[in-house]
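Participant: The structure file input_18.txt (compact mmCIF, C-alpha atoms) is provided below.
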# COMPACT_ATOMS: atom_id res chain seq x y z
CA MET A 23 11.09 -20.13 -32.43
CA ALA A 24 11.91 -16.43 -32.46
CA LYS A 25 15.50 -15.44 -31.84
CA GLN A 26 16.28 -14.41 -28.29
CA GLY A 27 17.63 -11.06 -29.47
CA SER A 28 14.29 -10.08 -31.00
CA VAL A 29 12.02 -10.97 -28.09
CA GLY A 30 14.33 -10.66 -25.10
CA PRO A 31 13.82 -6.91 -24.52
CA SER A 32 10.05 -7.28 -24.81
CA ARG A 33 9.99 -10.12 -22.32
CA SER A 34 12.23 -8.14 -19.98
CA GLY A 35 9.80 -5.24 -20.21
CA ASP A 36 6.88 -7.50 -19.31
CA GLN A 37 8.78 -8.96 -16.37
CA PHE A 38 9.70 -5.47 -15.18
CA HIS A 39 5.99 -4.58 -15.20
CA TYR A 40 5.00 -7.70 -13.27
CA GLN A 41 7.75 -7.38 -10.66
CA TRP A 42 6.97 -3.70 -10.07
CA ALA A 43 3.23 -4.37 -9.90
CA ALA A 44 3.76 -7.24 -7.45
CA ARG A 45 5.64 -4.86 -5.15
CA GLN A 46 2.70 -2.44 -5.27
CA CYS A 47 0.35 -5.28 -4.31
CA LEU A 48 2.13 -5.52 -0.97
CA GLY A 49 0.57 -2.15 -0.17
CA LEU A 50 -2.77 -3.96 0.09
CA LEU A 51 -1.49 -5.64 3.25
CA ALA A 52 -1.14 -2.30 5.02
CA VAL A 53 -4.90 -1.79 5.25
CA ALA A 54 -4.55 1.57 7.00
CA GLY A 55 -2.83 2.93 3.89
CA GLY A 56 -6.13 2.83 2.01
CA LEU A 57 -5.01 0.87 -1.07
CA VAL A 58 -7.91 -1.40 -2.07
CA ALA A 59 -6.96 -2.64 -5.54
CA VAL A 60 -4.07 -2.89 -7.98
CA THR A 61 -5.09 -3.39 -11.60
CA ILE A 62 -2.95 -5.01 -14.27
CA GLU A 63 -3.07 -4.03 -17.96
CA GLY A 64 -5.82 -1.45 -17.80
CA ALA A 65 -8.14 0.34 -15.42
CA SER A 66 -10.48 -1.41 -12.99
CA LEU A 67 -13.63 -2.90 -14.47
CA ASP A 68 -15.48 -1.60 -11.40
CA GLU A 69 -14.96 2.14 -11.90
CA GLY A 70 -18.70 2.77 -11.80
CA ASP A 71 -20.62 5.56 -13.52
CA ALA A 72 -17.42 7.44 -14.43
CA SER A 73 -15.95 4.42 -16.19
CA THR A 74 -14.37 5.05 -19.60
CA SER A 75 -12.24 3.06 -22.00
CA ALA A 76 -10.35 6.17 -23.14
CA GLY A 77 -6.62 5.80 -22.57
CA ASP A 78 -7.00 2.27 -21.26
CA GLU A 79 -4.28 1.07 -23.61
CA VAL A 80 -1.57 3.12 -21.86
CA ILE A 81 -2.46 2.03 -18.32
CA ASP A 82 -0.15 -0.79 -17.24
CA VAL A 83 -1.01 -0.55 -13.54
CA GLY A 84 -3.81 1.20 -11.67
CA LEU A 85 -3.64 1.93 -7.94
CA TYR A 86 -6.99 2.58 -6.24
CA TYR A 87 -7.31 4.08 -2.77
CA GLY A 88 -10.58 3.97 -0.86
CA SER A 89 -12.64 2.46 -3.68
CA GLU A 90 -12.40 1.21 -7.25
CA ASP A 91 -15.38 3.40 -8.09
CA VAL A 92 -13.88 6.58 -9.53
CA ILE A 93 -16.41 8.87 -7.88
CA ALA A 94 -16.06 7.23 -4.44
CA ALA A 95 -12.28 6.74 -4.57
CA LYS A 96 -10.02 8.90 -2.42
CA SER A 97 -7.26 8.78 -5.02
CA ILE A 98 -6.28 6.88 -8.15
CA ARG A 99 -2.88 6.50 -9.81
CA TYR A 100 -2.75 5.40 -13.45
CA VAL A 101 0.76 4.24 -14.32
CA GLN A 102 2.44 3.43 -17.61
CA LEU A 103 5.74 1.59 -17.25
CA LYS A 104 8.55 1.62 -19.79
CA HIS A 105 11.65 -0.55 -19.42
CA SER A 106 14.73 -0.74 -21.60
CA SER A 107 17.71 -3.08 -21.34
CA ARG A 108 19.66 -1.80 -24.32
CA GLN A 109 19.07 1.92 -23.78
CA ALA A 110 18.94 1.98 -20.00
CA GLN A 111 21.20 5.05 -19.82
CA VAL A 112 19.70 6.93 -22.79
CA PRO A 113 17.43 9.80 -21.65
CA TRP A 114 13.86 9.97 -22.89
CA THR A 115 13.06 12.90 -25.16
CA ALA A 116 9.71 14.62 -25.57
CA SER A 117 8.78 12.54 -28.61
CA GLY A 118 8.99 9.39 -26.50
CA LEU A 119 6.08 10.64 -24.39
CA LYS A 120 3.74 11.15 -27.34
CA GLY A 121 1.61 8.01 -27.02
CA THR A 122 1.55 8.18 -23.23
CA ILE A 123 0.40 11.79 -23.07
CA GLU A 124 -2.18 11.31 -25.83
CA GLY A 125 -3.72 8.32 -24.05
CA PHE A 126 -3.73 9.93 -20.61
CA ALA A 127 -5.07 13.22 -22.02
CA ALA A 128 -7.99 11.38 -23.63
CA ARG A 129 -8.83 9.76 -20.31
CA PHE A 130 -8.45 13.10 -18.51
CA GLU A 131 -11.01 14.69 -20.82
CA LYS A 132 -13.56 11.89 -20.25
CA LEU A 133 -13.07 11.86 -16.47
CA GLU A 134 -13.43 15.63 -16.30
CA ALA A 135 -16.91 15.32 -17.75
CA SER A 136 -17.86 12.89 -14.96
CA LEU A 137 -15.97 14.30 -11.98
CA GLY A 138 -15.48 17.97 -12.70
CA LEU A 139 -12.04 19.54 -13.03
CA ASP A 140 -11.36 20.21 -9.35
CA ALA A 141 -12.22 16.68 -8.19
CA LEU A 142 -10.29 15.15 -11.08
CA VAL A 143 -7.07 17.04 -10.39
CA SER A 144 -7.31 16.46 -6.65
CA LYS A 145 -7.74 12.68 -6.82
CA VAL A 146 -6.30 11.32 -10.09
CA GLN A 147 -2.63 11.10 -11.05
CA PHE A 148 -1.21 10.06 -14.42
CA ILE A 149 2.32 8.66 -14.15
CA PHE A 150 5.00 7.69 -16.67
CA LEU A 151 7.47 5.39 -14.88
CA THR A 152 10.70 4.15 -16.42
CA ASN A 153 14.12 2.75 -15.61
CA ARG A 154 15.65 5.19 -18.11
CA PRO A 155 16.52 8.79 -17.24
CA MET A 156 14.41 11.67 -18.58
CA ASP A 157 15.99 14.55 -20.48
CA GLY A 158 16.28 17.52 -18.14
CA THR A 159 14.83 19.95 -20.64
CA VAL A 160 11.68 17.82 -20.90
CA LEU A 161 11.27 17.82 -17.12
CA GLU A 162 11.65 21.59 -17.08
CA ALA A 163 9.11 21.97 -19.89
CA LEU A 164 6.62 19.77 -18.04
CA ALA A 165 7.08 21.85 -14.89
CA ASP A 166 6.61 25.10 -16.82
CA ILE A 167 3.33 23.94 -18.37
CA ALA A 168 1.98 22.68 -15.03
CA ALA A 169 2.87 26.01 -13.43
CA GLY A 170 1.28 28.01 -16.25
CA ALA A 171 4.56 29.76 -17.07
CA THR A 172 4.11 32.61 -19.55
CA ALA A 173 7.77 32.48 -20.58
CA PRO A 174 8.65 28.78 -20.83
CA ARG A 175 12.32 27.85 -20.77
CA HIS A 176 12.03 25.51 -23.76
CA ARG A 177 9.33 26.88 -26.03
CA GLU A 178 9.58 24.25 -28.79
CA ILE A 179 9.32 21.37 -26.33
CA ASP A 180 6.55 23.21 -24.50
CA GLU A 181 4.50 23.51 -27.67
CA LEU A 182 5.19 19.90 -28.67
CA LEU A 183 3.98 18.54 -25.32
CA LYS A 184 0.87 20.70 -25.48
CA ARG A 185 0.05 19.32 -28.92
CA TYR A 186 0.30 15.78 -27.54
CA ALA A 187 -2.16 16.77 -24.81
CA ALA A 188 -4.67 18.37 -27.18
CA LEU A 189 -7.28 15.74 -26.27
CA ALA A 190 -7.37 17.20 -22.75
CA GLY A 191 -9.29 20.12 -24.24
CA SER A 192 -8.84 23.62 -22.86
CA ASN A 193 -7.42 22.39 -19.56
CA VAL A 194 -3.93 21.44 -20.72
CA GLN A 195 -2.30 23.10 -17.73
CA SER A 196 -4.51 21.16 -15.32
CA PHE A 197 -3.72 17.93 -17.14
CA PHE A 198 0.02 18.47 -16.78
CA SER A 199 -0.41 19.31 -13.10
CA ALA A 200 -1.84 15.79 -12.73
CA PHE A 201 0.84 14.19 -14.94
CA SER A 202 4.28 13.24 -13.63
CA VAL A 203 7.40 11.38 -14.68
CA GLU A 204 9.22 8.94 -12.39
CA ALA A 205 12.51 8.19 -14.13
CA GLY A 206 15.50 6.13 -13.06
CA GLU A 207 13.41 3.37 -11.48
CA PRO A 208 15.49 0.28 -10.53
CA ASP A 209 15.81 -2.16 -13.43
CA LEU A 210 14.42 -5.66 -13.76
CA TRP A 211 17.12 -7.42 -11.74
CA GLU A 212 16.77 -4.94 -8.89
CA GLN A 213 12.97 -5.20 -9.02
CA ARG A 214 13.28 -8.93 -8.36
CA ASN A 215 15.52 -8.34 -5.36
CA LEU A 216 13.32 -5.54 -4.08
CA LEU A 217 10.22 -7.73 -4.28
CA SER A 218 11.88 -10.37 -2.10
CA GLN A 219 13.15 -7.74 0.33
CA ASP A 220 9.83 -5.92 0.52
CA LEU A 221 7.92 -9.16 1.02
CA SER A 222 10.25 -10.43 3.76
CA ALA A 223 9.43 -7.31 5.78
CA TYR A 224 5.83 -8.55 6.08
CA LEU A 225 6.46 -12.23 6.78
CA SER A 226 7.38 -13.99 10.00
CA GLU A 227 10.27 -15.58 8.10
CA PRO A 228 11.81 -15.23 4.60
CA ASP A 229 9.83 -17.15 1.97
CA THR A 230 11.07 -17.25 -1.63
CA GLU A 231 7.98 -19.19 -2.70
CA ALA A 232 5.72 -16.33 -1.58
CA ALA A 233 7.47 -13.90 -3.93
CA LEU A 234 7.04 -16.30 -6.84
CA GLN A 235 3.37 -16.82 -6.06
CA LEU A 236 2.69 -13.09 -5.79
CA LYS A 237 4.39 -12.39 -9.10
CA GLU A 238 2.46 -15.30 -10.67
CA LEU A 239 -0.78 -13.74 -9.40
CA VAL A 240 0.06 -10.51 -11.22
CA THR A 241 1.11 -12.37 -14.37
CA ARG A 242 -2.23 -14.20 -14.53
CA ARG A 243 -4.10 -10.90 -14.40
CA ALA A 244 -2.21 -9.88 -17.55
CA THR A 245 -3.53 -12.91 -19.44
CA ASP A 246 -7.06 -13.80 -20.55
CA GLU A 247 -7.89 -14.23 -16.86
CA GLY A 248 -7.82 -10.44 -16.59
CA VAL A 249 -10.62 -10.06 -19.12
CA LYS A 250 -13.14 -10.73 -16.35
CA ASP A 251 -11.24 -9.04 -13.52
CA ARG A 252 -8.05 -6.99 -13.78
CA SER A 253 -7.93 -6.18 -10.07
CA VAL A 254 -5.71 -7.69 -7.41
CA ARG A 255 -7.25 -7.21 -3.96
CA LEU A 256 -6.25 -8.02 -0.39
CA TYR A 257 -7.73 -11.50 -0.33
CA ASP A 258 -5.88 -12.36 -3.57
CA VAL A 259 -2.54 -11.39 -2.03
CA LEU A 260 -3.28 -13.27 1.19
CA ARG A 261 -4.34 -16.35 -0.74
CA SER A 262 -1.05 -16.26 -2.67
CA MET A 263 0.69 -16.35 0.72
CA ARG A 264 -1.55 -19.20 1.92
CA VAL A 265 -3.23 -17.19 4.68
CA THR A 266 -6.65 -15.60 5.21
CA GLU A 267 -7.82 -12.35 6.79
CA ILE A 268 -8.78 -14.35 9.90
CA ASP A 269 -5.16 -15.47 10.20
CA LEU A 270 -4.10 -11.82 10.45
CA LEU A 271 -6.37 -11.12 13.44
CA PRO A 272 -6.83 -14.56 14.98
CA ALA A 273 -7.88 -13.45 18.46
CA PRO A 274 -9.82 -10.16 18.53
CA SER A 275 -10.87 -8.89 21.94
CA LEU A 276 -14.31 -10.08 23.05
CA ILE A 277 -14.29 -8.10 26.28
CA SER A 278 -17.55 -6.21 26.73
CA GLU A 279 -17.50 -3.58 29.45
CA PRO A 280 -20.47 -3.02 31.76
CA ARG A 281 -22.47 0.13 31.07
CA GLN A 282 -21.83 1.36 34.57
CA VAL A 283 -18.55 0.67 36.33
CA LEU A 284 -17.85 1.49 39.96
CA PRO A 285 -14.33 2.98 40.09
CA ARG A 286 -11.97 1.29 42.48
CA ALA A 287 -9.48 3.13 44.64
CA GLN A 288 -6.68 0.85 43.46
CA GLN A 289 -7.07 1.76 39.78
CA ALA A 290 -5.03 4.95 39.99
CA ASP A 291 -2.30 3.21 41.99
CA ILE A 292 -2.06 0.36 39.51
CA LEU A 293 -1.91 2.78 36.58
CA ALA A 294 0.84 4.80 38.26
CA THR A 295 2.79 1.61 38.91
CA LEU A 296 2.53 0.58 35.26
CA LEU A 297 3.71 3.97 34.00
CA THR A 298 6.72 4.19 36.32
CA ALA A 299 7.81 0.54 36.42
CA GLN A 300 11.21 -0.33 34.97
CA ARG A 301 10.18 -3.96 34.48
CA PRO A 302 7.06 -5.77 33.25
CA VAL A 303 4.20 -5.78 35.75
CA VAL A 304 1.98 -8.83 36.23
CA ILE A 305 -1.44 -8.26 37.80
CA HIS A 306 -3.24 -11.39 38.99
CA ALA A 307 -6.45 -12.15 40.83
CA ASP A 308 -9.06 -14.85 41.25
CA GLY A 309 -11.71 -15.38 38.60
CA GLY A 310 -14.68 -13.05 38.53
CA VAL A 311 -13.16 -10.13 40.44
CA GLY A 312 -12.91 -7.80 37.42
CA LYS A 313 -9.55 -8.34 35.73
CA SER A 314 -11.04 -7.75 32.26
CA THR A 315 -12.80 -4.55 33.37
CA LEU A 316 -9.61 -3.28 34.97
CA SER A 317 -7.61 -4.12 31.83
CA ALA A 318 -10.06 -2.19 29.66
CA TYR A 319 -9.77 0.81 31.98
CA LEU A 320 -5.96 0.72 31.93
CA ALA A 321 -5.92 0.54 28.12
CA ARG A 322 -8.08 3.68 27.92
CA ALA A 323 -6.11 5.52 30.61
CA MET A 324 -2.73 5.51 28.89
CA PRO A 325 -1.28 9.05 28.57
CA ALA A 326 -0.98 10.96 25.29
CA GLY A 327 1.77 9.57 23.08
CA SER A 328 1.08 6.02 24.24
CA VAL A 329 -0.74 3.11 22.64
CA ALA A 330 -2.17 0.13 24.50
CA VAL A 331 -3.20 -3.19 23.00
CA LEU A 332 -5.67 -5.22 25.03
CA TYR A 333 -5.11 -8.90 24.27
CA ASP A 334 -8.01 -11.09 25.35
CA CYS A 335 -6.65 -14.60 25.88
CA PHE A 336 -9.93 -15.80 27.44
CA GLY A 337 -12.31 -14.73 24.68
CA ASP A 338 -15.52 -15.54 26.55
CA GLY A 339 -14.23 -19.08 26.96
CA THR A 340 -13.67 -19.65 23.23
CA TYR A 341 -10.00 -20.40 23.89
CA ARG A 342 -11.16 -23.96 24.67
CA GLN A 343 -12.34 -24.45 21.08
CA ALA A 344 -9.84 -26.12 18.75
CA LEU A 345 -10.47 -23.58 15.97
CA LYS A 346 -10.25 -20.52 18.21
CA TYR A 347 -7.04 -20.90 20.15
CA ARG A 348 -5.96 -17.80 22.05
CA HIS A 349 -3.32 -19.04 24.45
CA ARG A 350 -0.67 -19.95 21.85
CA TYR A 351 2.19 -17.48 21.54
CA ARG A 352 1.85 -17.09 17.77
CA ASP A 353 -1.83 -16.11 17.98
CA ALA A 354 -1.03 -13.41 20.53
CA LEU A 355 1.98 -12.05 18.64
CA VAL A 356 0.13 -11.86 15.32
CA GLN A 357 -2.95 -10.24 16.89
CA ILE A 358 -0.94 -7.63 18.81
CA ALA A 359 1.36 -6.79 15.89
CA ASN A 360 -1.51 -6.40 13.45
CA GLU A 361 -3.53 -4.25 15.83
CA LEU A 362 -0.51 -1.94 15.96
CA SER A 363 -0.32 -2.12 12.17
CA GLY A 364 -3.98 -1.12 11.97
CA GLN A 365 -3.00 2.08 13.77
CA GLN A 366 -0.28 2.70 11.15
CA LEU A 367 2.50 2.08 13.66
CA CYS A 368 4.25 -0.86 11.98
CA LEU A 369 4.12 -3.28 9.07
CA PRO A 370 1.65 -6.17 9.29
CA LEU A 371 2.92 -9.53 10.52
CA ILE A 372 1.97 -12.31 8.10
CA PRO A 373 2.27 -15.70 9.83
CA SER A 374 4.04 -18.60 8.15
CA GLY A 375 3.07 -22.06 9.36
CA GLY A 376 6.53 -23.49 9.92
CA THR A 377 8.24 -20.44 11.39
CA ASP A 378 10.73 -21.21 14.14
CA PRO A 379 9.62 -19.71 17.51
CA LYS A 380 12.79 -17.62 17.75
CA GLN A 381 12.27 -16.25 14.25
CA PHE A 382 8.64 -15.51 15.05
CA MET A 383 9.63 -13.59 18.16
CA ARG A 384 12.26 -11.64 16.22
CA ALA A 385 9.63 -10.65 13.66
CA PHE A 386 7.31 -9.52 16.45
CA VAL A 387 10.01 -7.53 18.25
CA SER A 388 10.86 -5.75 15.00
CA ARG A 389 7.21 -4.58 14.82
CA LEU A 390 7.40 -3.32 18.39
CA LYS A 391 10.54 -1.37 17.56
CA GLN A 392 8.85 0.14 14.52
CA ALA A 393 5.89 1.20 16.65
CA ILE A 394 8.09 2.62 19.41
CA ASP A 395 10.23 4.60 16.97
CA LEU A 396 7.17 6.01 15.21
CA LEU A 397 5.45 6.95 18.47
CA ARG A 398 8.60 8.69 19.69
CA ALA A 399 8.93 10.58 16.42
CA ARG A 400 5.28 11.66 16.57
CA THR A 401 5.62 12.81 20.18
CA GLN A 402 8.74 14.83 19.42
CA SER A 403 7.10 16.41 16.38
CA GLU A 404 4.01 17.37 18.38
CA ALA A 405 6.19 18.83 21.14
CA GLN A 406 8.08 20.98 18.62
CA ASN A 407 4.86 22.27 17.12
Take the structure in the file and give it back as structure tokens.

Facilitator:
Amino acid sequence: MAKQGSVGPSRSGDQFHYQWAARQCLGLLAVAGGLVAVTIEGASLDEGDASTSAGDEVIDVGLYYGSEDVIAAKSIRYVQLKHSSRQAQVPWTASGLKGTIEGFAARFEKLEASLGLDALVSKVQFIFLTNRPMDGTVLEALADIAAGATAPRHREIDELLKRYAALAGSNVQSFFSAFSVEAGEPDLWEQRNLLSQDLSAYLSEPDTEAALQLKELVTRRATDEGVKDRSVRLYDVLRSMRVTEIDLLPAPSLISEPRQVLPRAQQADILATLLTAQRPVVIHADGGVGKSTLSAYLARAMPAGSVAVLYDCFGDGTYRQALKYRHRYRDALVQIANELSGQQLCLPLIPSGGTDPKQFMRAFVSRLKQAIDLLRARTQSEAQN
């Protein structure tokens, strides 16, 4: 068996990668954010016609927005991660970036041939991420090259970095405008804590097992399992949490409005009452008089700066079916919260089977507060503009 001192740092580096990647996978839950895949140990195997193996060896994590196909994607982030336990406070120098820049520059050159320079620079980012600090002179040199400075502040470093990027061809400046350094990232221990904290923000109750399962999912993609598919997608993350996409939206509205609706005189009065009431308003009526139609009208008639969620607890009578419950509190809370999440107003609410009702309600109320705060901020910003 190898001595702990010889393999410990390497194992810590691997764990840092997996913990950080697992945190990025949580972004798949916020569907409105556009993240569709997180790849582990290389680029996606579904990059399409622009696919290339160049620089694959320096990609630890790939983040794909919109599509895994490079041409169709809205944006892509290729990330190399570097972790150090023994030299955590020692700044990186330019020479430490040699392999990273060479690999990314080679990929840049191949992607330029497929995408064109403008599309490449607008959608693809190359990132060096580390828990160590970066020497300030290197950061300044990188900024000078990206800006096309004619009088760089650190000429020797400037020339050295440009040599590393020679594979980018004649567009070295464009390459460095797409390349960035994210230094001082929290170390391995903090990454573990952050994963648990980040994950708890999505769940109806804290679940330590979910964090372990998500990290295990990422770890498996780094093994031979990743030879066939390096990508982690939404359904993979949900499966690791023991839920499905149906569980996230368990009771979608099935209300279908008539093509022609005869306005009722009471509609305006009811709307005014809702908007001025200091307490919840309950509207009730006998079956078949048009409660669903009125509800749909009220949802559409909310003033600017407001959002309405129409929860359909009847569901064309499907609430009677054992597999399509709509009258349970947890179904309603999850549906409402995740409809708000779909409008980028709050984090998704991932249901846990054994969650205490009080804890479930607290999780739901926190989503409402997030939505209210965001709506208020948007309204104030629009008023100022």

Participant: Per residue of segment 189-217 of chain A within 12 Å of segment 236-258 of chain A, which atom pair is closest and at what distance in Å (one decimal), using all atoms listed in the file, listed by chain and increasing number, as a Markdown table?

Facilitator:
| residue | atom | partner | partner_atom | distance |
| --- | --- | --- | --- | --- |
| A:Gln213 | CA | A:Lys237 | CA | 11.2 |
| A:Arg214 | CA | A:Lys237 | CA | 9.6 |
| A:Leu217 | CA | A:Lys237 | CA | 8.9 |

Participant: Those same residues, written as an mmCIF file, in the coordinates of the input with C-alpha atoms?

Facilitator:
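out_19.cif was written with the following content:
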data_model
loop_
_atom_site.group_PDB
_atom_site.id
_atom_site.type_symbol
_atom_site.label_atom_id
_atom_site.label_comp_id
_atom_site.auth_asym_id
_atom_site.auth_seq_id
_atom_site.Cartn_x
_atom_site.Cartn_y
_atom_site.Cartn_z
ATOM 1 C CA GLN A 213 12.970 -5.200 -9.020
ATOM 2 C CA ARG A 214 13.280 -8.930 -8.360
ATOM 3 C CA LEU A 217 10.220 -7.730 -4.280
#

Participant: Would you please work out which residue, of A:Gln366, A:Ser73, A:Gln282, A:Thr122, is nearest to Glu90 of chain A when using all atoms listed in the file?

Facilitator: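 Once distances to Glu90 of chain A are computed over all atoms listed in the file, the minimum belongs to A:Ser73.
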
Participant: Between atom CA of Thr401 of chain A and atom CA of Gly55 of chain A, what is the distance in Å, rounded to a tenth?

Facilitator: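 Between atom CA of Thr401 of chain A and atom CA of Gly55 of chain A the gap works out to 20.8 Å.
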
Participant: What does the structure give for the distance between atom CA of Ala385 of chain A and atom CA of Ala299 of chain A, in Å to one decimal?

Facilitator: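 Answer for the atom CA of Ala385 of chain A to atom CA of Ala299 of chain A separation: 25.4 Å.
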
Participant: Compile the contact shell of segment 309-320 of chain A as a VMD selection string: residues with an atom at most 7 Å away, counting all atoms listed in the file, same-chain residues fewer than 6 positions apart removed.

Facilitator: chain A and resid 277 279 293

Participant: I want to know what sits within 9 Å of Glu79 of chain A, based on only C-alpha atoms, with residues of the same chain fewer than 5 positions away left out; could you give that as a list in words?

Facilitator: Glu63, Gly64 and Gly125 of chain A

Participant: Please determine, counting all atoms listed in the file, which residue among A:Asn193, A:Val112, A:Ala287, A:Lys184 has the shortest atom-to-atom distance to Gly138 of chain A.

Facilitator: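 Of A:Asn193, A:Val112, A:Ala287, A:Lys184, the one nearest Gly138 of chain A, counting all atoms listed in the file, is A:Asn193.
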
Participant: Find the nearest atom pair between each residue of segment 107-192 of chain A and segment 34-38 of chain A for residues within 12 Å, count only C-alpha atoms, give distances in Å to one decimal, sort rows by chain and ascending number, and present the table as JSON lines.

Facilitator:
{"residue": "A:Ser107", "atom": "CA", "partner": "A:Ser34", "partner_atom": "CA", "distance": 7.6}
{"residue": "A:Arg108", "atom": "CA", "partner": "A:Ser34", "partner_atom": "CA", "distance": 10.7}
{"residue": "A:Ala110", "atom": "CA", "partner": "A:Gly35", "partner_atom": "CA", "distance": 11.6}
{"residue": "A:Leu151", "atom": "CA", "partner": "A:Phe38", "partner_atom": "CA", "distance": 11.1}
{"residue": "A:Thr152", "atom": "CA", "partner": "A:Phe38", "partner_atom": "CA", "distance": 9.8}
{"residue": "A:Asn153", "atom": "CA", "partner": "A:Phe38", "partner_atom": "CA", "distance": 9.3}

Participant: Can you measure atom CA of Ala359 of chain A to atom CA of Asp338 of chain A for me? One decimal in Å is fine.

Facilitator: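 Atom CA of Ala359 of chain A sits 21.8 Å away from atom CA of Asp338 of chain A.
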
Participant: Taking (-10.4, -14.7, 26.7) in the coordinates of the supplied file, I want to know which residues reach to within 9 Å of it, counting only C-alpha atoms; could you give the answer as a list in words?

Facilitator: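 Output: Ala273, Ser275, Leu276, Ile277, Ser314, Tyr333, Asp334, Cys335, Phe336, Gly337, Asp338, Gly339, Thr340, Tyr341, Arg348 and His349 of chain A.
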
Participant: Would you mind listing what lies within 12 Å of His176 of chain A as number ranges by chain, with all atoms listed in the file counted and same-chain residues fewer than 4 positions away left out?

Facilitator: A: 116, 158-167, 171-172, 180-183

Participant: Considering only C-alpha atoms, return as number ranges by chain whatever protein or nucleic-acid residues lie within 8 Å of Pro113 of chain A, sequence-local ones (same chain, fewer than 5 positions apart) excluded.

Facilitator: A: 154-157

Participant: I need the residue nearest Gly191 of chain A from this list: A:Arg281, A:Lys104, A:Arg45, A:Lys132. Use only C-alpha atoms for the distance.

Facilitator: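 Going through A:Arg281, A:Lys104, A:Arg45, A:Lys132 one by one, the smallest distance to Gly191 of chain A is for A:Lys132.
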